[in-house]
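K.L.:
This is query.cif, which holds mmCIF, C-alpha atoms:
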```
data_coords
loop_
_atom_site.label_atom_id
_atom_site.label_comp_id
_atom_site.auth_asym_id
_atom_site.auth_seq_id
_atom_site.Cartn_x
_atom_site.Cartn_y
_atom_site.Cartn_z
CA MET I 1 -86.47 -46.84 -20.26
CA SER I 2 -84.35 -43.71 -19.91
CA LYS I 3 -80.98 -43.60 -18.14
CA ILE I 4 -82.52 -41.69 -15.21
CA GLU I 5 -85.44 -44.11 -14.86
CA LEU I 6 -83.08 -47.09 -14.92
CA LYS I 7 -80.73 -45.50 -12.34
CA SER I 8 -83.70 -44.80 -10.08
CA LYS I 9 -84.92 -48.40 -10.46
CA ILE I 10 -81.43 -49.77 -9.65
CA LEU I 11 -81.11 -47.54 -6.58
CA LYS I 12 -84.59 -48.51 -5.38
CA LYS I 13 -83.73 -52.20 -5.63
CA ASN I 14 -80.40 -51.52 -3.88
CA GLU I 15 -82.19 -49.69 -1.07
CA SER I 16 -84.66 -52.52 -0.56
CA ILE I 17 -81.89 -55.15 -0.26
CA ALA I 18 -79.93 -52.79 2.03
CA GLU I 19 -82.93 -52.61 4.39
CA ASP I 20 -83.06 -56.41 4.51
CA ILE I 21 -79.34 -56.54 5.32
CA ARG I 22 -79.73 -53.91 8.06
CA ALA I 23 -82.55 -55.93 9.60
CA GLU I 24 -80.51 -59.14 9.47
CA LEU I 25 -77.42 -57.53 10.99
CA ASN I 26 -79.58 -55.85 13.64
CA SER I 27 -81.25 -59.11 14.59
CA ASN I 28 -77.76 -60.53 15.20
CA GLY I 29 -76.75 -57.52 17.32
CA LEU I 30 -74.15 -56.60 14.72
CA TRP I 31 -72.95 -53.05 14.06
CA CYS I 32 -71.83 -52.24 10.50
CA MET I 33 -69.54 -49.56 9.04
CA ASN I 34 -69.12 -48.73 5.31
CA LEU I 35 -65.67 -47.30 4.49
CA ILE I 36 -65.45 -45.07 1.41
CA GLY I 37 -62.35 -43.35 0.04
CA SER I 38 -60.13 -42.77 -3.01
CA PRO I 39 -57.66 -45.40 -4.22
CA GLY I 40 -54.67 -45.33 -1.89
CA SER I 41 -56.32 -43.18 0.78
CA GLY I 42 -55.27 -45.75 3.39
CA LYS I 43 -58.50 -47.68 4.05
CA THR I 44 -56.90 -51.12 4.40
CA THR I 45 -54.00 -49.83 6.49
CA LEU I 46 -56.52 -48.18 8.83
CA LEU I 47 -58.18 -51.59 9.28
CA GLU I 48 -54.81 -53.29 9.81
CA LYS I 49 -54.15 -50.85 12.66
CA THR I 50 -57.58 -50.78 14.32
CA MET I 51 -58.93 -54.32 13.89
CA PRO I 52 -56.34 -56.11 16.10
CA LEU I 53 -57.03 -53.60 18.92
CA LEU I 54 -60.77 -53.83 18.37
CA SER I 55 -60.65 -57.64 18.42
CA LYS I 56 -59.85 -57.42 22.13
CA LYS I 57 -63.22 -55.71 22.68
CA GLY I 58 -65.42 -57.74 20.35
CA ARG I 59 -65.52 -60.02 17.35
CA CYS I 60 -64.88 -58.34 13.98
CA GLY I 61 -65.49 -59.31 10.38
CA VAL I 62 -64.38 -57.52 7.22
CA ILE I 63 -65.70 -57.42 3.65
CA GLU I 64 -63.11 -56.16 1.15
CA GLY I 65 -64.28 -54.59 -2.12
CA ASP I 66 -61.88 -54.18 -5.03
CA VAL I 67 -62.10 -53.95 -8.80
CA LYS I 68 -59.36 -56.57 -9.04
CA THR I 69 -57.09 -58.72 -6.81
CA ASP I 70 -57.59 -60.12 -3.31
CA TYR I 71 -54.54 -58.38 -1.82
CA ASP I 72 -56.57 -56.46 0.76
CA MET I 73 -58.42 -59.56 1.93
CA LYS I 74 -55.08 -61.33 2.46
CA ARG I 75 -53.74 -58.41 4.51
CA ILE I 76 -56.72 -58.55 6.88
CA ALA I 77 -56.97 -62.35 6.96
CA ALA I 78 -53.29 -62.40 8.07
CA LEU I 79 -54.53 -60.79 11.31
CA ASN I 80 -56.81 -63.78 11.93
CA ILE I 81 -59.94 -61.74 11.25
CA PRO I 82 -62.72 -63.35 9.19
CA THR I 83 -62.54 -61.61 5.81
CA VAL I 84 -64.26 -62.02 2.47
CA GLN I 85 -63.13 -60.45 -0.81
CA ILE I 86 -65.59 -59.10 -3.37
CA GLU I 87 -63.91 -58.58 -6.75
CA THR I 88 -66.23 -56.32 -8.75
CA SER I 89 -64.43 -57.00 -12.08
CA GLY I 90 -64.77 -53.44 -13.29
CA SER I 91 -67.73 -52.14 -11.29
CA CYS I 92 -66.93 -48.85 -9.56
CA HIS I 93 -68.81 -49.49 -6.30
CA LEU I 94 -70.21 -52.22 -4.08
CA SER I 95 -73.95 -52.84 -4.15
CA SER I 96 -76.17 -54.24 -1.41
CA GLU I 97 -76.74 -57.32 -3.59
CA MET I 98 -72.99 -58.06 -3.56
CA ILE I 99 -73.00 -57.76 0.25
CA LYS I 100 -76.06 -60.00 0.57
CA ASN I 101 -74.31 -62.65 -1.52
CA VAL I 102 -71.25 -62.84 0.75
CA LEU I 103 -72.96 -62.58 4.16
CA PRO I 104 -73.43 -66.39 4.35
CA ASN I 105 -69.61 -66.63 4.51
CA PHE I 106 -69.74 -65.21 8.05
CA SER I 107 -71.18 -66.64 11.26
CA LEU I 108 -73.14 -63.45 11.90
CA GLU I 109 -74.34 -64.54 15.33
CA GLU I 110 -70.68 -64.72 16.44
CA LEU I 111 -69.74 -61.22 15.27
CA ASP I 112 -70.14 -57.79 16.92
CA PHE I 113 -68.72 -55.51 14.24
CA LEU I 114 -68.72 -55.76 10.45
CA VAL I 115 -66.61 -53.42 8.32
CA ILE I 116 -67.18 -53.08 4.59
CA GLU I 117 -64.24 -51.55 2.72
CA ASN I 118 -65.72 -50.17 -0.49
CA VAL I 119 -64.01 -49.93 -3.90
CA GLY I 120 -61.48 -47.06 -4.08
CA ASN I 121 -63.69 -44.27 -5.42
CA LEU I 122 -64.90 -41.04 -3.83
CA ILE I 123 -67.96 -40.67 -6.10
CA CYS I 124 -69.93 -43.76 -7.16
CA PRO I 125 -70.14 -45.71 -3.85
CA VAL I 126 -71.89 -42.75 -2.21
CA ALA I 127 -75.28 -43.51 -3.82
CA TYR I 128 -75.31 -47.15 -2.69
CA ASP I 129 -76.60 -47.96 0.79
CA LEU I 130 -75.07 -51.28 1.86
CA GLY I 131 -77.17 -51.73 4.99
CA GLU I 132 -74.54 -50.06 7.18
CA ASP I 133 -75.22 -48.30 10.50
CA GLN I 134 -72.65 -45.64 9.78
CA ARG I 135 -70.56 -44.43 6.86
CA LEU I 136 -66.93 -43.42 7.19
CA ILE I 137 -64.97 -41.37 4.65
CA VAL I 138 -61.21 -41.89 4.52
CA VAL I 139 -59.12 -39.09 3.01
CA SER I 140 -55.34 -38.83 3.19
CA ILE I 141 -53.76 -35.43 3.74
CA THR I 142 -51.68 -36.03 0.59
CA GLU I 143 -54.89 -35.78 -1.49
CA GLY I 144 -55.21 -32.07 -0.66
CA ASP I 145 -57.32 -30.18 1.86
CA GLU I 146 -59.96 -29.01 -0.64
CA LYS I 147 -61.29 -32.53 -1.32
CA PRO I 148 -64.47 -32.10 0.83
CA LEU I 149 -65.47 -29.15 -1.37
CA LYS I 150 -64.75 -30.97 -4.64
CA TYR I 151 -66.53 -34.21 -3.68
CA PRO I 152 -69.27 -32.89 -1.37
CA ALA I 153 -71.75 -35.78 -1.71
CA ALA I 154 -69.35 -38.18 0.00
CA PHE I 155 -68.97 -35.86 2.98
CA VAL I 156 -72.68 -35.01 3.22
CA SER I 157 -73.53 -38.71 3.42
CA ALA I 158 -70.87 -39.57 6.03
CA ASP I 159 -71.08 -39.91 9.81
CA VAL I 160 -67.32 -40.04 10.32
CA LEU I 161 -64.29 -38.53 8.57
CA VAL I 162 -60.88 -40.10 9.10
CA VAL I 163 -57.97 -38.03 7.85
CA THR I 164 -55.05 -40.42 7.25
CA LYS I 165 -51.28 -40.01 6.72
CA ALA I 166 -51.22 -36.97 9.03
CA ASP I 167 -47.47 -37.56 9.49
CA LEU I 168 -46.98 -36.41 5.87
CA GLU I 169 -48.49 -32.94 6.50
CA PRO I 170 -45.06 -31.24 6.78
CA TYR I 171 -44.13 -32.49 3.29
CA VAL I 172 -47.25 -31.50 1.33
CA ASP I 173 -49.07 -28.26 0.53
CA ALA I 174 -52.15 -29.19 2.54
CA SER I 175 -53.36 -28.47 6.05
CA VAL I 176 -55.18 -30.98 8.27
CA LYS I 177 -56.99 -28.09 9.95
CA LYS I 178 -58.19 -26.75 6.60
CA MET I 179 -59.31 -30.23 5.51
CA VAL I 180 -61.36 -30.62 8.70
CA ASP I 181 -62.80 -27.08 8.41
CA ASN I 182 -63.80 -27.80 4.80
CA ALA I 183 -65.45 -31.08 5.81
CA LYS I 184 -67.36 -29.36 8.65
CA SER I 185 -68.52 -26.64 6.23
CA ILE I 186 -70.16 -29.41 4.18
CA ASN I 187 -71.44 -31.47 7.12
CA ARG I 188 -71.23 -29.83 10.54
CA ASN I 189 -72.25 -33.04 12.34
CA ILE I 190 -69.42 -35.15 10.97
CA THR I 191 -67.21 -36.80 13.64
CA VAL I 192 -63.53 -36.35 12.82
CA PHE I 193 -60.44 -38.42 13.60
CA VAL I 194 -56.97 -37.36 12.48
CA THR I 195 -54.72 -40.40 12.16
CA SER I 196 -51.33 -41.67 11.12
CA ALA I 197 -50.68 -45.39 10.74
CA LYS I 198 -46.96 -44.57 10.93
CA THR I 199 -46.91 -42.69 14.27
CA GLY I 200 -50.07 -44.26 15.70
CA GLU I 201 -51.75 -40.84 16.05
CA GLY I 202 -55.52 -41.17 16.45
CA ILE I 203 -55.62 -44.98 16.16
CA ASP I 204 -56.62 -45.53 19.81
CA SER I 205 -59.33 -42.86 19.64
CA LEU I 206 -60.82 -44.30 16.46
CA THR I 207 -60.72 -47.83 17.88
CA GLY I 208 -62.47 -46.51 20.99
CA TYR I 209 -65.17 -44.95 18.82
CA PHE I 210 -65.79 -48.24 16.99
CA SER I 211 -65.81 -50.13 20.26
CA GLU I 212 -68.33 -47.78 21.89
CA ALA I 213 -70.54 -47.92 18.81
CA PHE I 214 -70.96 -51.68 18.82
CA SER I 215 -71.06 -51.93 22.61
CA ALA I 216 -73.99 -49.49 22.62
CA LYS I 217 -75.76 -51.67 20.08
CA VAL I 218 -75.24 -54.93 21.95
CA GLU I 219 -76.54 -53.48 25.26
CA MET W 1 -83.89 -52.10 -21.99
CA SER W 2 -81.43 -53.86 -19.67
CA LYS W 3 -78.59 -52.14 -17.83
CA ILE W 4 -76.03 -53.76 -20.15
CA GLU W 5 -77.90 -52.75 -23.32
CA LEU W 6 -78.24 -49.17 -22.08
CA LYS W 7 -74.55 -48.97 -21.15
CA SER W 8 -73.59 -50.27 -24.57
CA LYS W 9 -75.87 -47.70 -26.24
CA ILE W 10 -74.39 -44.87 -24.14
CA LEU W 11 -70.83 -45.94 -24.94
CA LYS W 12 -71.65 -46.25 -28.66
CA LYS W 13 -73.04 -42.71 -28.71
CA ASN W 14 -70.02 -41.49 -26.73
CA GLU W 15 -67.66 -43.16 -29.22
CA SER W 16 -69.40 -41.58 -32.20
CA ILE W 17 -69.15 -38.05 -30.75
CA ALA W 18 -65.52 -38.75 -29.73
CA GLU W 19 -64.71 -39.58 -33.37
CA ASP W 20 -66.24 -36.27 -34.48
CA ILE W 21 -64.15 -34.43 -31.88
CA ARG W 22 -60.99 -36.22 -32.98
CA ALA W 23 -61.68 -35.26 -36.60
CA GLU W 24 -62.31 -31.62 -35.64
CA LEU W 25 -59.17 -31.37 -33.51
CA ASN W 26 -57.16 -33.11 -36.24
CA SER W 27 -58.39 -30.71 -38.91
CA ASN W 28 -57.12 -27.87 -36.71
CA GLY W 29 -53.71 -29.58 -36.24
CA LEU W 30 -54.43 -29.93 -32.55
CA TRP W 31 -53.03 -32.70 -30.35
CA CYS W 32 -55.14 -33.81 -27.39
CA MET W 33 -54.31 -35.58 -24.11
CA ASN W 34 -56.84 -37.04 -21.64
CA LEU W 35 -55.55 -37.06 -18.02
CA ILE W 36 -57.06 -39.67 -15.70
CA GLY W 37 -56.22 -40.21 -12.01
CA SER W 38 -57.59 -40.54 -8.47
CA PRO W 39 -58.70 -37.51 -6.45
CA GLY W 40 -55.58 -35.76 -5.21
CA SER W 41 -53.16 -37.68 -7.44
CA GLY W 42 -51.68 -34.36 -8.57
CA LYS W 43 -53.22 -33.86 -12.01
CA THR W 44 -53.73 -30.09 -11.73
CA THR W 45 -50.32 -29.51 -10.13
CA LEU W 46 -48.74 -31.42 -13.01
CA LEU W 47 -50.44 -29.02 -15.45
CA GLU W 48 -49.36 -26.00 -13.37
CA LYS W 49 -45.76 -27.17 -13.72
CA THR W 50 -45.75 -28.26 -17.37
CA MET W 51 -48.11 -25.81 -19.12
CA PRO W 52 -46.01 -22.65 -18.59
CA LEU W 53 -42.93 -24.44 -20.02
CA LEU W 54 -44.97 -25.92 -22.85
CA SER W 55 -46.47 -22.53 -23.70
CA LYS W 56 -43.03 -21.49 -24.95
CA LYS W 57 -43.21 -24.25 -27.58
CA GLY W 58 -46.85 -23.96 -28.62
CA ARG W 59 -50.30 -22.70 -27.68
CA CYS W 60 -52.09 -24.73 -25.00
CA GLY W 61 -55.68 -25.01 -23.86
CA VAL W 62 -57.07 -26.89 -20.87
CA ILE W 63 -60.48 -28.41 -20.06
CA GLU W 64 -60.95 -29.04 -16.34
CA GLY W 65 -63.45 -31.69 -15.20
CA ASP W 66 -64.70 -31.77 -11.61
CA VAL W 67 -67.76 -33.00 -9.79
CA LYS W 68 -67.97 -29.63 -8.06
CA THR W 69 -66.12 -26.25 -7.88
CA ASP W 70 -64.06 -24.37 -10.46
CA TYR W 71 -60.90 -24.27 -8.32
CA ASP W 72 -58.78 -26.17 -10.85
CA MET W 73 -59.86 -23.93 -13.71
CA LYS W 74 -58.82 -20.85 -11.70
CA ARG W 75 -55.41 -22.36 -10.96
CA ILE W 76 -54.71 -22.91 -14.68
CA ALA W 77 -56.33 -19.64 -15.85
CA ALA W 78 -53.99 -17.82 -13.42
CA LEU W 79 -51.16 -18.95 -15.72
CA ASN W 80 -52.81 -17.14 -18.66
CA ILE W 81 -53.76 -20.38 -20.35
CA PRO W 82 -57.21 -20.62 -21.96
CA THR W 83 -59.19 -22.89 -19.62
CA VAL W 84 -62.78 -24.05 -19.38
CA GLN W 85 -64.35 -25.77 -16.37
CA ILE W 86 -66.87 -28.58 -16.73
CA GLU W 87 -68.74 -29.19 -13.46
CA THR W 88 -70.35 -32.61 -13.77
CA SER W 89 -72.65 -32.08 -10.74
CA GLY W 90 -72.28 -35.62 -9.50
CA SER W 91 -71.28 -37.49 -12.64
CA CYS W 92 -68.19 -39.62 -12.11
CA HIS W 93 -66.54 -39.07 -15.50
CA LEU W 94 -66.41 -36.70 -18.46
CA SER W 95 -68.22 -37.73 -21.65
CA SER W 96 -67.45 -36.75 -25.23
CA GLU W 97 -70.73 -34.83 -25.30
CA MET W 98 -69.52 -32.62 -22.42
CA ILE W 99 -66.28 -31.96 -24.34
CA LYS W 100 -68.18 -31.19 -27.56
CA ASN W 101 -70.30 -28.65 -25.69
CA VAL W 102 -67.31 -26.66 -24.41
CA LEU W 103 -65.09 -26.76 -27.53
CA PRO W 104 -66.70 -23.56 -28.93
CA ASN W 105 -65.15 -21.74 -25.93
CA PHE W 106 -61.72 -22.19 -27.54
CA SER W 107 -60.29 -20.75 -30.76
CA LEU W 108 -59.19 -24.20 -31.91
CA GLU W 109 -57.32 -22.92 -34.95
CA GLU W 110 -55.04 -20.97 -32.60
CA LEU W 111 -54.16 -23.93 -30.35
CA ASP W 112 -51.54 -26.69 -30.71
CA PHE W 113 -52.23 -28.75 -27.60
CA LEU W 114 -55.42 -29.45 -25.68
CA VAL W 115 -55.34 -31.15 -22.28
CA ILE W 116 -58.48 -32.59 -20.72
CA GLU W 117 -58.20 -33.17 -16.97
CA ASN W 118 -60.83 -35.78 -16.16
CA VAL W 119 -62.84 -36.10 -12.94
CA GLY W 120 -60.80 -37.61 -10.07
CA ASN W 121 -61.60 -41.30 -10.50
CA LEU W 122 -59.44 -44.25 -11.55
CA ILE W 123 -62.35 -46.39 -12.75
CA CYS W 124 -65.28 -44.77 -14.57
CA PRO W 125 -63.48 -42.34 -16.93
CA VAL W 126 -61.60 -45.25 -18.50
CA ALA W 127 -64.58 -46.39 -20.62
CA TYR W 128 -65.20 -42.93 -22.13
CA ASP W 129 -63.19 -41.91 -25.19
CA LEU W 130 -63.10 -38.09 -25.31
CA GLY W 131 -61.57 -37.80 -28.77
CA GLU W 132 -58.02 -37.66 -27.36
CA ASP W 133 -54.85 -38.67 -29.22
CA GLN W 134 -53.32 -40.11 -26.08
CA ARG W 135 -54.36 -41.02 -22.57
CA LEU W 136 -52.22 -40.32 -19.52
CA ILE W 137 -52.67 -41.92 -16.10
CA VAL W 138 -51.51 -39.93 -13.08
CA VAL W 139 -50.74 -41.90 -9.89
CA SER W 140 -48.99 -40.50 -6.84
CA ILE W 141 -46.50 -42.71 -5.01
CA THR W 142 -48.48 -42.07 -1.81
CA GLU W 143 -51.35 -44.13 -3.29
CA GLY W 144 -49.25 -47.30 -3.07
CA ASP W 145 -47.25 -49.22 -5.66
CA GLU W 146 -49.85 -51.97 -6.22
CA LYS W 147 -52.38 -49.60 -7.82
CA PRO W 148 -51.72 -50.77 -11.44
CA LEU W 149 -52.70 -54.31 -10.38
CA LYS W 150 -55.85 -53.20 -8.53
CA TYR W 151 -57.11 -50.87 -11.28
CA PRO W 152 -55.77 -52.61 -14.39
CA ALA W 153 -58.24 -51.19 -16.96
CA ALA W 154 -56.89 -47.66 -16.49
CA PHE W 155 -53.33 -48.83 -17.14
CA VAL W 156 -54.25 -51.06 -20.09
CA SER W 157 -55.96 -48.12 -21.81
CA ALA W 158 -53.14 -45.61 -21.20
CA ASP W 159 -50.28 -44.47 -23.43
CA VAL W 160 -48.43 -42.68 -20.64
CA LEU W 161 -48.02 -43.15 -16.88
CA VAL W 162 -46.89 -40.24 -14.76
CA VAL W 163 -45.88 -41.15 -11.21
CA THR W 164 -46.21 -38.00 -9.10
CA LYS W 165 -44.97 -36.92 -5.64
CA ALA W 166 -41.79 -39.00 -6.07
CA ASP W 167 -40.18 -36.79 -3.38
CA LEU W 168 -42.45 -38.50 -0.82
CA GLU W 169 -41.10 -42.01 -1.55
CA PRO W 170 -38.80 -42.02 1.54
CA TYR W 171 -41.80 -41.36 3.81
CA VAL W 172 -44.22 -44.01 2.51
CA ASP W 173 -44.25 -47.80 2.25
CA ALA W 174 -44.23 -47.78 -1.55
CA SER W 175 -41.53 -48.06 -4.19
CA VAL W 176 -41.50 -46.08 -7.44
CA LYS W 177 -39.63 -48.94 -9.12
CA LYS W 178 -42.28 -51.45 -8.03
CA MET W 179 -45.09 -49.12 -9.21
CA VAL W 180 -43.45 -48.86 -12.65
CA ASP W 181 -42.78 -52.61 -12.82
CA ASN W 182 -46.42 -53.29 -11.92
CA ALA W 183 -47.63 -50.86 -14.60
CA LYS W 184 -45.36 -52.47 -17.22
CA SER W 185 -46.65 -55.92 -16.24
CA ILE W 186 -50.15 -54.68 -17.18
CA ASN W 187 -49.10 -52.67 -20.26
CA ARG W 188 -45.55 -53.19 -21.47
CA ASN W 189 -45.81 -50.37 -24.04
CA ILE W 190 -46.69 -47.66 -21.52
CA THR W 191 -44.32 -44.66 -21.50
CA VAL W 192 -43.34 -43.72 -17.95
CA PHE W 193 -42.33 -40.44 -16.33
CA VAL W 194 -41.43 -40.20 -12.67
CA THR W 195 -42.05 -36.67 -11.40
CA SER W 196 -42.08 -34.41 -8.38
CA ALA W 197 -43.68 -30.98 -8.56
CA LYS W 198 -41.69 -30.10 -5.43
CA THR W 199 -38.17 -30.92 -6.67
CA GLY W 200 -38.91 -30.51 -10.38
CA GLU W 201 -37.89 -34.12 -11.11
CA GLY W 202 -39.17 -35.31 -14.47
CA ILE W 203 -41.04 -32.09 -15.33
CA ASP W 204 -38.69 -31.11 -18.19
CA SER W 205 -38.79 -34.63 -19.68
CA LEU W 206 -42.59 -34.75 -19.57
CA THR W 207 -42.86 -31.27 -21.09
CA GLY W 208 -40.46 -32.39 -23.82
CA TYR W 209 -42.66 -35.42 -24.52
CA PHE W 210 -45.78 -33.24 -24.87
CA SER W 211 -43.91 -30.79 -27.06
CA GLU W 212 -42.59 -33.50 -29.40
CA ALA W 213 -46.05 -35.04 -29.62
CA PHE W 214 -47.78 -31.93 -30.87
CA SER W 215 -44.83 -30.83 -33.03
CA ALA W 216 -44.97 -34.18 -34.82
CA LYS W 217 -48.67 -33.65 -35.45
CA VAL W 218 -48.29 -30.12 -36.84
CA GLU W 219 -45.52 -31.16 -39.25
#
```
Take the structure in the file and give it back as structure tokens.
P.N.:
Amino acid sequence: MSKIELKSKILKKNESIAEDIRAELNSNGLWCMNLIGSPGSGKTTLLEKTMPLLSKKGRCGVIEGDVKTDYDMKRIAALNIPTVQIETSGSCHLSSEMIKNVLPNFSLEELDFLVIENVGNLICPVAYDLGEDQRLIVVSITEGDEKPLKYPAAFVSADVLVVTKADLEPYVDASVKKMVDNAKSINRNITVFVTSAKTGEGIDSLTGYFSEAFSAKVE
Amino acid sequence: MSKIELKSKILKKNESIAEDIRAELNSNGLWCMNLIGSPGSGKTTLLEKTMPLLSKKGRCGVIEGDVKTDYDMKRIAALNIPTVQIETSGSCHLSSEMIKNVLPNFSLEELDFLVIENVGNLICPVAYDLGEDQRLIVVSITEGDEKPLKYPAAFVSADVLVVTKADLEPYVDASVKKMVDNAKSINRNITVFVTSAKTGEGIDSLTGYFSEAFSAKVE
């Protein structure tokens, strides 16, 4: 079997399991978000800021994906939010099979919102559907405003872009406006939130978006 | 053929071509460095700062790897340094075969130092030897000081760690000292440079390290 044939077979299997997951989450009235971003883009911090606010509106669960360590799981679990860590031990992305294997750790019927924080990588996770309702790309302004053009697949596949660390804009050679314009040039339908965990900018708006998304599903 | 067998076959082929590249570069007295880091860690900026200084000591060439665009190549070529862009069109790492294919674009016998800037990714490029003499990991302080623990394979495989954007330390919840300590806990032999392209911190020392490395090879 060639490399391309094998990749296609793997993706097909991934897609099939992802559809099963979507059906299971749907049947429990659960809304699911897949977070993708580079290492250190601020994915976990974004969850630390939004999940406590969101917990007042509905019941949240989090799946943390990392190559190594359970640090991120501990940060979220400290907020009294049900959290499961997947350590991929080298693998560069989460797969739907990994998600399927950890779902029994949650009481799905008790949850409204499930967030999956993918492995820190702006390339490989893009090809793997995890059964999510929406996909969110996290990019910090410190990464540079041309990132949407250099990693277009991530932005094409996303429903939401969250620009993080906006408070650092004055100290770096990058413009939030340019970053957003570049993202919209790749995907004009992408919904954008500009945030700063430090100043709180955008956190309420993003939490409101999450809350509306799962409320719409439950109704 | 299973996924594991195929991966092992691909890596074996990659290794064999990498050895050929190493022999060819060696026979031309050329020293080669493979730069690995996350998207936006500051790899290209580091080259913009060091290559002009290094060009006074020897003749440099650069291979730029990106999923998409030739922006980085243009930035380096603007400094009058021979540069070739590899666009991987989706692939998450450079391979030795890609390097082999672009080497004829350089007059190897006229160069002393070849830098390969890998695709922005802290995971996948680690497994692919490109025929380099040394491997350098670039991590910005804005990515967080726990990164060596979360992506250990990159740090285990590296000879040099360059911490970038050190000028931003006061504005983020991360410590350069802790980042370095974490890296040394993974790989106690790693050589560390703490740099800031903005203030110039560490740029002379890193340039001196490159210069000594290729001078030692030529002698």
K.L.:
Using only C-alpha atoms, which of I:Leu11, I:Thr50, I:Ser205, I:Val172 sits nearest Val126 in chain I?
P.N.:
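Result for the nearest residue to Val126 in chain I: I:Leu11.
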K.L.:
Name the residues captured by the PyMOL selection byres ((chain I) within 9 of (chain W)) when it is applied to the shown file; answer as a PyMOL selection string.
P.N.:
chain I and resi 1-3+6-7+10+38-42+66-71+90-92+120-124+140+142-144+147+149-153+167-168+171-172+198
K.L.:
Which residue out of I:Ser8, I:Asn14, I:Val162, I:Leu53 has the minimum interatomic distance to Asp129 in chain I when all atoms listed in the file are used?
P.N.:
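Ranked by minimum distance to Asp129 in chain I, first place goes to I:Asn14.
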K.L.:
Smallest atom-to-atom distance to Val62 in chain I: which of I:Val115, I:Gly29, I:Ser107, I:Asn80, using all atoms listed in the file?
P.N.:
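Checking each of I:Val115, I:Gly29, I:Ser107, I:Asn80 against Val62 in chain I, counting all atoms listed in the file, the winner is I:Val115.
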K.L.:
What is the distance, in Å and to one decimal place, between CA of Phe214 in chain I and CA of Gly58 in chain I?
P.N.:
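Spanning CA of Phe214 in chain I to CA of Gly58 in chain I is a straight-line distance of 8.4 Å.
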K.L.:
From the list W:Ala183, W:Ala77, W:Leu54, W:Ile21, which residue is nearest Asp159 in chain W when using only C-alpha atoms?
P.N.:
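Ranking W:Ala183, W:Ala77, W:Leu54, W:Ile21 by distance to Asp159 in chain W, first place goes to W:Ala183.
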K.L.:
Between CA of Ile81 in chain W and CA of Met51 in chain W, what is the distance, to one decimal in Å?
P.N.:
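Taking CA of Ile81 in chain W as the start and CA of Met51 in chain W as the end point, the length is 7.9 Å.
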